[in-house]
Amino acid sequence: MSLLNKAIRQTTAATILLAATGFGAQAQSFVMATGQQGGSWYPVGGAIKAIVERENPDMDITVTPGAGVSNVVGVDAGRFAIAFANSISTVDSLSGKEPFRKPTTNVCNLGILYPQYFQIVALADAGIDSVADMEGKRLTTQQLGNTGEFLTRELLSTAGLTFDDLASVANTSYSDSASQMKDGQADFFTLGSSLPTGSVMDLSSSRDIVLIDVDEETFKYFKDNNAAFQRREVPAGSYPGFDKTVHAISYDTHMVAPCDYDGEVVKAVLGAVADNNESFAAVTRSMAGLTVEEMATDIGVPFHPAAKEFYAERGVSGM
């Protein structure tokens with residue numbers, strides 16, 4: 001790294017740390033990028049904020065909505081101190097693979113929080129049983145920069161389809177997508193989130209839905225492109241009225257930070273998660289029983305130096 005680039009990195013880190021506090025202020029104020037309202041990232045971020053600020057009165061966190069891909073870009077650019085991300089997207093960012101325009105160079109892993117499921121939700125009467133059936137149908141999904149939106153494009157490509165082959169595509173929030181489905185303005189809804197997801201729970205309370213199964217051949221396409229993908233079961237009963245077990249493309253939610261960011265903040269955030277399991281399980285049951293060993297899982301993204309120290313101090317071997 002050149003001296004100029006190093007100076008820029010150091011200035012950026014200081015800017016994140018002192019944002020909104022004024023020069024020389026004692027409080028550490030920083031931004032945490034999470035996800036859309038109606039998903040699980042935003043409330044989990046709010047819980048982290050509450051615990052960190054309670055246990056560290058000198059820290060002040062601003063929680064902002066975000067998206068899997070754009071959060072990683074924001075961390076690399078120094079806009080966010082901490083961010084939620086998807087393992088698959090972060091792995092792709094290291095090599096600059098689509099949808100990233102260039103490789104990231106300053107993104108480090110902090111720890112895994114819980115598995116994410118790419119859910120393909122259709123109205124029961126929409127006539128959608130496979131990817132090929134989506135042709136000519138109305139889609140509602142996330143905005144550009146969200147992992148779910150990118151995965152939807154990839155999913156359609158497995159049947160030789162693009163967004164142009166659909167009747168309409170709405171790019172909006174989870175909550176608005178659920179409303180569109182309830183009002184009959186969309187036939188299917190794709191999203192990447194925890195299981196169950198609040199917006200889909202809301203939808204299933206008023207409309208009959210089905211989740212589309214991802215077969216082994218379709219999954220192989222994703223796995224061949226990124227080893228971080230997994231194929232997990234979505235059990236029957238995951239949503240009201242949903243009585244069939246299907247398979248979904250899956251990956252992991254984790255937290256990232258600039259590799260040169262303040263280690264004290266990193267350890268405070270990790271400690272908040274590791275020591276307050278019941279609080280987070282109340283936000284999303286996907287985090288119930290989360291262990292420090294699971295948080296320290298190697299996903300192919302380098303750990304932040306302070307994260308490695310944190311896990312070693314907690315007795316995780318190999319750090």
# chains A, B, ... in the order shown; residues from 1 in each chain; ligands from 1
$ residues_around --residues "stretch 300-303 of chain A" --least-positions-apart "5" --cutoff "7 Å" --atoms "only C-alpha atoms" --output "number ranges by chain"
A: 91, 108-110, 308
$ select_by_dssp --residues "stretch 18-146 of chain A" --states "alpha helix (DSSP H)" --output "PyMOL selection string"
chain A and resi 18+41-55+68-77+87-95
$ residues_around --residues "A:Met181" --least-positions-apart "4" --cutoff "9 Å" --atoms "only C-alpha atoms" --output "VMD selection string"
chain A and resid 122 to 123 140 176 to 177 185 to 189 203 207
$ write_last_selection --atoms "all heavy atoms" --output "CSV table (one decimal), in the first residue's frame"
chain,number,residue,atom,x,y,z
A,122,ALA,N,-44.3,-17.7,-3.4
A,122,ALA,CA,-45.3,-17.4,-4.5
A,122,ALA,C,-46.7,-17.5,-3.9
A,122,ALA,O,-46.9,-18.3,-2.9
A,122,ALA,CB,-45.1,-18.4,-5.6
A,123,LEU,N,-47.7,-16.8,-4.5
A,123,LEU,CA,-49.0,-17.0,-4.1
A,123,LEU,C,-49.5,-18.4,-4.5
A,123,LEU,O,-49.1,-18.8,-5.6
A,123,LEU,CB,-49.9,-15.9,-4.8
A,123,LEU,CG,-49.7,-14.5,-4.3
A,123,LEU,CD1,-50.6,-13.5,-5.1
A,123,LEU,CD2,-49.9,-14.3,-2.8
A,140,THR,N,-41.8,-9.2,-7.1
A,140,THR,CA,-41.4,-8.1,-6.2
A,140,THR,C,-40.2,-8.6,-5.5
A,140,THR,O,-40.1,-9.7,-4.9
A,140,THR,CB,-42.6,-7.7,-5.3
A,140,THR,OG1,-42.1,-6.6,-4.5
A,140,THR,CG2,-43.0,-8.9,-4.4
A,176,ASP,N,-43.0,-3.6,1.9
A,176,ASP,CA,-43.8,-3.2,0.7
A,176,ASP,C,-44.0,-4.4,-0.2
A,176,ASP,O,-45.1,-4.5,-0.8
A,176,ASP,CB,-43.1,-2.1,0.0
A,176,ASP,CG,-43.2,-0.8,0.7
A,176,ASP,OD1,-44.0,-0.7,1.6
A,176,ASP,OD2,-42.5,0.2,0.4
A,177,SER,N,-43.1,-5.3,-0.3
A,177,SER,CA,-43.2,-6.5,-1.2
A,177,SER,C,-44.4,-7.4,-0.6
A,177,SER,O,-45.2,-7.9,-1.4
A,177,SER,CB,-41.9,-7.3,-1.2
A,177,SER,OG,-41.0,-6.7,-2.0
A,185,GLN,N,-50.8,-7.6,-6.4
A,185,GLN,CA,-50.1,-6.8,-7.4
A,185,GLN,C,-48.8,-7.5,-7.8
A,185,GLN,O,-48.1,-7.0,-8.7
A,185,GLN,CB,-49.7,-5.4,-6.8
A,185,GLN,CG,-51.0,-4.6,-6.4
A,185,GLN,CD,-50.6,-3.3,-5.7
A,185,GLN,OE1,-49.4,-3.1,-5.4
A,185,GLN,NE2,-51.6,-2.5,-5.4
A,186,ALA,N,-48.5,-8.6,-7.2
A,186,ALA,CA,-47.3,-9.4,-7.5
A,186,ALA,C,-47.6,-10.9,-7.4
A,186,ALA,O,-48.5,-11.3,-6.5
A,186,ALA,CB,-46.1,-9.0,-6.7
A,187,ASP,N,-47.0,-11.7,-8.2
A,187,ASP,CA,-47.2,-13.2,-8.1
A,187,ASP,C,-46.2,-13.9,-7.2
A,187,ASP,O,-46.5,-14.9,-6.6
A,187,ASP,CB,-47.1,-13.8,-9.5
A,187,ASP,CG,-48.2,-13.2,-10.4
A,187,ASP,OD1,-49.4,-13.2,-10.1
A,187,ASP,OD2,-47.8,-12.7,-11.5
A,188,PHE,N,-44.9,-13.4,-7.2
A,188,PHE,CA,-43.9,-14.0,-6.4
A,188,PHE,C,-43.0,-13.0,-5.8
A,188,PHE,O,-42.8,-11.9,-6.4
A,188,PHE,CB,-43.2,-15.2,-7.1
A,188,PHE,CG,-42.3,-14.8,-8.2
A,188,PHE,CD1,-40.9,-15.0,-8.1
A,188,PHE,CD2,-42.8,-14.3,-9.4
A,188,PHE,CE1,-40.0,-14.7,-9.1
A,188,PHE,CE2,-41.9,-14.0,-10.5
A,188,PHE,CZ,-40.5,-14.2,-10.3
A,189,PHE,N,-42.4,-13.4,-4.7
A,189,PHE,CA,-41.6,-12.5,-3.9
A,189,PHE,C,-40.3,-13.2,-3.5
A,189,PHE,O,-40.3,-14.3,-3.0
A,189,PHE,CB,-42.4,-12.2,-2.6
A,189,PHE,CG,-41.8,-11.4,-1.5
A,189,PHE,CD1,-40.6,-10.7,-1.6
A,189,PHE,CD2,-42.3,-11.5,-0.2
A,189,PHE,CE1,-40.1,-10.0,-0.6
A,189,PHE,CE2,-41.8,-10.9,0.9
A,189,PHE,CZ,-40.6,-10.1,0.7
A,203,LEU,N,-47.4,-11.8,5.4
A,203,LEU,CA,-48.1,-12.2,4.2
A,203,LEU,C,-48.9,-13.5,4.3
A,203,LEU,O,-50.1,-13.6,3.9
A,203,LEU,CB,-47.0,-12.4,3.1
A,203,LEU,CG,-47.5,-13.0,1.8
A,203,LEU,CD1,-48.6,-12.2,1.1
A,203,LEU,CD2,-46.3,-13.2,0.8
A,207,ARG,N,-52.8,-14.5,3.0
A,207,ARG,CA,-52.8,-15.1,1.7
A,207,ARG,C,-52.2,-16.5,1.8
A,207,ARG,O,-51.2,-16.8,2.6
A,207,ARG,CB,-52.0,-14.3,0.7
A,207,ARG,CG,-52.6,-12.9,0.3
A,207,ARG,CD,-54.0,-13.0,-0.3
A,207,ARG,NE,-54.0,-13.7,-1.6
A,207,ARG,CZ,-53.9,-13.1,-2.8
A,207,ARG,NH1,-53.8,-11.7,-2.8
A,207,ARG,NH2,-53.9,-13.7,-3.9
$ closest_residue --among "A:Gly263, A:Pro258, A:Pro196, A:Gly136" --to "A:Phe242" --atoms "only C-alpha atoms"
A:Pro196
$ closest_residue --among "A:Pro240, A:Ser130, A:Val75, A:Val69" --to "A:Phe100" --atoms "only C-alpha atoms"
A:Val69
$ atom_distance --atom1 "atom CA of A:Arg231" --atom2 "atom CA of A:Asn71"
24.3 Å
$ atom_distance --atom1 "atom CA of A:Ser238" --atom2 "atom CA of A:Ala47"
23.8 Å
$ residues_around --residues "A:Val72" --least-positions-apart "2" --cutoff "10 Å" --atoms "only C-alpha atoms" --output "MDAnalysis selection string"
chainID A and resid 33 66:70 74:80 82:86 89:90 93 100 104 106:108 255:258
$ residues_around --residues "stretch 246-254 of chain A" --least-positions-apart "6" --cutoff "8 Å" --atoms "only C-alpha atoms" --output "number ranges by chain"
A: 84-88, 109-119, 211-215, 219, 228-236
$ decode --residues "stretch 273-289 of chain A" --atoms "all heavy atoms" --output "PDB file, in the first residue's frame"
ATOM      1  N   VAL A 273     -22.773  -9.370  21.335  1.00  0.00           N
ATOM      2  CA  VAL A 273     -23.443 -10.513  20.718  1.00  0.00           C
ATOM      3  C   VAL A 273     -23.195 -11.789  21.507  1.00  0.00           C
ATOM      4  O   VAL A 273     -24.127 -12.541  21.819  1.00  0.00           O
ATOM      5  CB  VAL A 273     -22.975 -10.689  19.258  1.00  0.00           C
ATOM      6  CG1 VAL A 273     -23.585 -11.946  18.650  1.00  0.00           C
ATOM      7  CG2 VAL A 273     -23.355  -9.463  18.420  1.00  0.00           C
ATOM      8  N   ALA A 274     -21.940 -12.031  21.849  1.00  0.00           N
ATOM      9  CA  ALA A 274     -21.565 -13.295  22.494  1.00  0.00           C
ATOM     10  C   ALA A 274     -22.169 -13.449  23.884  1.00  0.00           C
ATOM     11  O   ALA A 274     -22.471 -14.574  24.308  1.00  0.00           O
ATOM     12  CB  ALA A 274     -20.045 -13.403  22.571  1.00  0.00           C
ATOM     13  N   ASP A 275     -22.374 -12.343  24.594  1.00  0.00           N
ATOM     14  CA  ASP A 275     -22.780 -12.420  25.995  1.00  0.00           C
ATOM     15  C   ASP A 275     -24.261 -12.156  26.232  1.00  0.00           C
ATOM     16  O   ASP A 275     -24.694 -12.069  27.389  1.00  0.00           O
ATOM     17  CB  ASP A 275     -21.956 -11.425  26.823  1.00  0.00           C
ATOM     18  CG  ASP A 275     -20.472 -11.739  26.793  1.00  0.00           C
ATOM     19  OD1 ASP A 275     -20.125 -12.919  26.589  1.00  0.00           O
ATOM     20  OD2 ASP A 275     -19.664 -10.799  26.948  1.00  0.00           O
ATOM     21  N   ASN A 276     -25.039 -12.021  25.175  1.00  0.00           N
ATOM     22  CA  ASN A 276     -26.452 -11.672  25.345  1.00  0.00           C
ATOM     23  C   ASN A 276     -27.338 -12.503  24.423  1.00  0.00           C
ATOM     24  O   ASN A 276     -28.204 -11.976  23.720  1.00  0.00           O
ATOM     25  CB  ASN A 276     -26.659 -10.176  25.085  1.00  0.00           C
ATOM     26  CG  ASN A 276     -25.959  -9.306  26.109  1.00  0.00           C
ATOM     27  OD1 ASN A 276     -26.477  -9.035  27.174  1.00  0.00           O
ATOM     28  ND2 ASN A 276     -24.750  -8.875  25.753  1.00  0.00           N
ATOM     29  N   ASN A 277     -27.128 -13.821  24.448  1.00  0.00           N
ATOM     30  CA  ASN A 277     -27.834 -14.703  23.522  1.00  0.00           C
ATOM     31  C   ASN A 277     -29.343 -14.583  23.636  1.00  0.00           C
ATOM     32  O   ASN A 277     -30.051 -14.558  22.614  1.00  0.00           O
ATOM     33  CB  ASN A 277     -27.404 -16.149  23.744  1.00  0.00           C
ATOM     34  CG  ASN A 277     -27.994 -17.089  22.709  1.00  0.00           C
ATOM     35  OD1 ASN A 277     -29.018 -17.714  22.953  1.00  0.00           O
ATOM     36  ND2 ASN A 277     -27.368 -17.156  21.544  1.00  0.00           N
ATOM     37  N   GLU A 278     -29.858 -14.509  24.848  1.00  0.00           N
ATOM     38  CA  GLU A 278     -31.310 -14.460  25.029  1.00  0.00           C
ATOM     39  C   GLU A 278     -31.910 -13.213  24.391  1.00  0.00           C
ATOM     40  O   GLU A 278     -33.007 -13.261  23.819  1.00  0.00           O
ATOM     41  CB  GLU A 278     -31.664 -14.513  26.511  1.00  0.00           C
ATOM     42  CG  GLU A 278     -31.396 -15.873  27.153  1.00  0.00           C
ATOM     43  CD  GLU A 278     -31.858 -15.933  28.598  1.00  0.00           C
ATOM     44  OE1 GLU A 278     -32.416 -14.921  29.080  1.00  0.00           O
ATOM     45  OE2 GLU A 278     -31.654 -16.979  29.250  1.00  0.00           O
ATOM     46  N   SER A 279     -31.206 -12.096  24.482  1.00  0.00           N
ATOM     47  CA  SER A 279     -31.704 -10.848  23.891  1.00  0.00           C
ATOM     48  C   SER A 279     -31.835 -10.973  22.383  1.00  0.00           C
ATOM     49  O   SER A 279     -32.823 -10.531  21.787  1.00  0.00           O
ATOM     50  CB  SER A 279     -30.766  -9.688  24.242  1.00  0.00           C
ATOM     51  OG  SER A 279     -30.742  -9.455  25.636  1.00  0.00           O
ATOM     52  N   PHE A 280     -30.851 -11.598  21.753  1.00  0.00           N
ATOM     53  CA  PHE A 280     -30.883 -11.710  20.298  1.00  0.00           C
ATOM     54  C   PHE A 280     -31.848 -12.800  19.833  1.00  0.00           C
ATOM     55  O   PHE A 280     -32.483 -12.669  18.788  1.00  0.00           O
ATOM     56  CB  PHE A 280     -29.473 -11.948  19.751  1.00  0.00           C
ATOM     57  CG  PHE A 280     -28.602 -10.745  19.895  1.00  0.00           C
ATOM     58  CD1 PHE A 280     -27.684 -10.648  20.926  1.00  0.00           C
ATOM     59  CD2 PHE A 280     -28.725  -9.680  19.024  1.00  0.00           C
ATOM     60  CE1 PHE A 280     -26.905  -9.524  21.090  1.00  0.00           C
ATOM     61  CE2 PHE A 280     -27.949  -8.540  19.166  1.00  0.00           C
ATOM     62  CZ  PHE A 280     -27.037  -8.460  20.205  1.00  0.00           C
ATOM     63  N   ALA A 281     -31.982 -13.870  20.617  1.00  0.00           N
ATOM     64  CA  ALA A 281     -32.945 -14.915  20.279  1.00  0.00           C
ATOM     65  C   ALA A 281     -34.362 -14.371  20.303  1.00  0.00           C
ATOM     66  O   ALA A 281     -35.239 -14.847  19.564  1.00  0.00           O
ATOM     67  CB  ALA A 281     -32.811 -16.084  21.250  1.00  0.00           C
ATOM     68  N   ALA A 282     -34.602 -13.335  21.127  1.00  0.00           N
ATOM     69  CA  ALA A 282     -35.920 -12.706  21.180  1.00  0.00           C
ATOM     70  C   ALA A 282     -36.184 -11.864  19.936  1.00  0.00           C
ATOM     71  O   ALA A 282     -37.337 -11.632  19.572  1.00  0.00           O
ATOM     72  CB  ALA A 282     -36.037 -11.838  22.431  1.00  0.00           C
ATOM     73  N   VAL A 283     -35.115 -11.420  19.266  1.00  0.00           N
ATOM     74  CA  VAL A 283     -35.255 -10.638  18.033  1.00  0.00           C
ATOM     75  C   VAL A 283     -35.436 -11.558  16.834  1.00  0.00           C
ATOM     76  O   VAL A 283     -36.301 -11.348  15.995  1.00  0.00           O
ATOM     77  CB  VAL A 283     -34.029  -9.719  17.829  1.00  0.00           C
ATOM     78  CG1 VAL A 283     -34.144  -8.957  16.511  1.00  0.00           C
ATOM     79  CG2 VAL A 283     -33.882  -8.758  19.000  1.00  0.00           C
ATOM     80  N   THR A 284     -34.601 -12.574  16.740  1.00  0.00           N
ATOM     81  CA  THR A 284     -34.729 -13.585  15.687  1.00  0.00           C
ATOM     82  C   THR A 284     -34.312 -14.926  16.267  1.00  0.00           C
ATOM     83  O   THR A 284     -33.212 -15.056  16.811  1.00  0.00           O
ATOM     84  CB  THR A 284     -33.877 -13.260  14.447  1.00  0.00           C
ATOM     85  OG1 THR A 284     -33.921 -14.368  13.535  1.00  0.00           O
ATOM     86  CG2 THR A 284     -32.432 -12.955  14.794  1.00  0.00           C
ATOM     87  N   ARG A 285     -35.191 -15.903  16.159  1.00  0.00           N
ATOM     88  CA  ARG A 285     -34.882 -17.202  16.767  1.00  0.00           C
ATOM     89  C   ARG A 285     -33.724 -17.894  16.073  1.00  0.00           C
ATOM     90  O   ARG A 285     -33.180 -18.873  16.595  1.00  0.00           O
ATOM     91  CB  ARG A 285     -36.117 -18.093  16.757  1.00  0.00           C
ATOM     92  CG  ARG A 285     -36.573 -18.599  15.408  1.00  0.00           C
ATOM     93  CD  ARG A 285     -37.884 -19.348  15.536  1.00  0.00           C
ATOM     94  NE  ARG A 285     -38.230 -20.085  14.325  1.00  0.00           N
ATOM     95  CZ  ARG A 285     -39.445 -20.550  14.080  1.00  0.00           C
ATOM     96  NH1 ARG A 285     -40.424 -20.350  14.948  1.00  0.00           N
ATOM     97  NH2 ARG A 285     -39.688 -21.229  12.975  1.00  0.00           N
ATOM     98  N   SER A 286     -33.301 -17.379  14.914  1.00  0.00           N
ATOM     99  CA  SER A 286     -32.142 -17.938  14.215  1.00  0.00           C
ATOM    100  C   SER A 286     -30.861 -17.788  15.035  1.00  0.00           C
ATOM    101  O   SER A 286     -29.888 -18.515  14.814  1.00  0.00           O
ATOM    102  CB  SER A 286     -31.952 -17.255  12.852  1.00  0.00           C
ATOM    103  OG  SER A 286     -33.051 -17.473  12.017  1.00  0.00           O
ATOM    104  N   MET A 287     -30.857 -16.848  15.984  1.00  0.00           N
ATOM    105  CA  MET A 287     -29.671 -16.629  16.801  1.00  0.00           C
ATOM    106  C   MET A 287     -29.722 -17.379  18.121  1.00  0.00           C
ATOM    107  O   MET A 287     -28.778 -17.292  18.919  1.00  0.00           O
ATOM    108  CB  MET A 287     -29.458 -15.132  17.044  1.00  0.00           C
ATOM    109  CG  MET A 287     -29.058 -14.370  15.797  1.00  0.00           C
ATOM    110  SD  MET A 287     -28.740 -12.605  16.086  1.00  0.00           S
ATOM    111  CE  MET A 287     -27.217 -12.661  17.034  1.00  0.00           C
ATOM    112  N   ALA A 288     -30.784 -18.112  18.359  1.00  0.00           N
ATOM    113  CA  ALA A 288     -30.897 -18.876  19.605  1.00  0.00           C
ATOM    114  C   ALA A 288     -29.784 -19.921  19.676  1.00  0.00           C
ATOM    115  O   ALA A 288     -29.561 -20.677  18.730  1.00  0.00           O
ATOM    116  CB  ALA A 288     -32.264 -19.548  19.692  1.00  0.00           C
ATOM    117  N   GLY A 289     -29.074 -19.936  20.766  1.00  0.00           N
ATOM    118  CA  GLY A 289     -28.018 -20.924  20.945  1.00  0.00           C
ATOM    119  C   GLY A 289     -26.725 -20.624  20.230  1.00  0.00           C
ATOM    120  O   GLY A 289     -25.829 -21.472  20.179  1.00  0.00           O
TER     121      GLY A 289
END
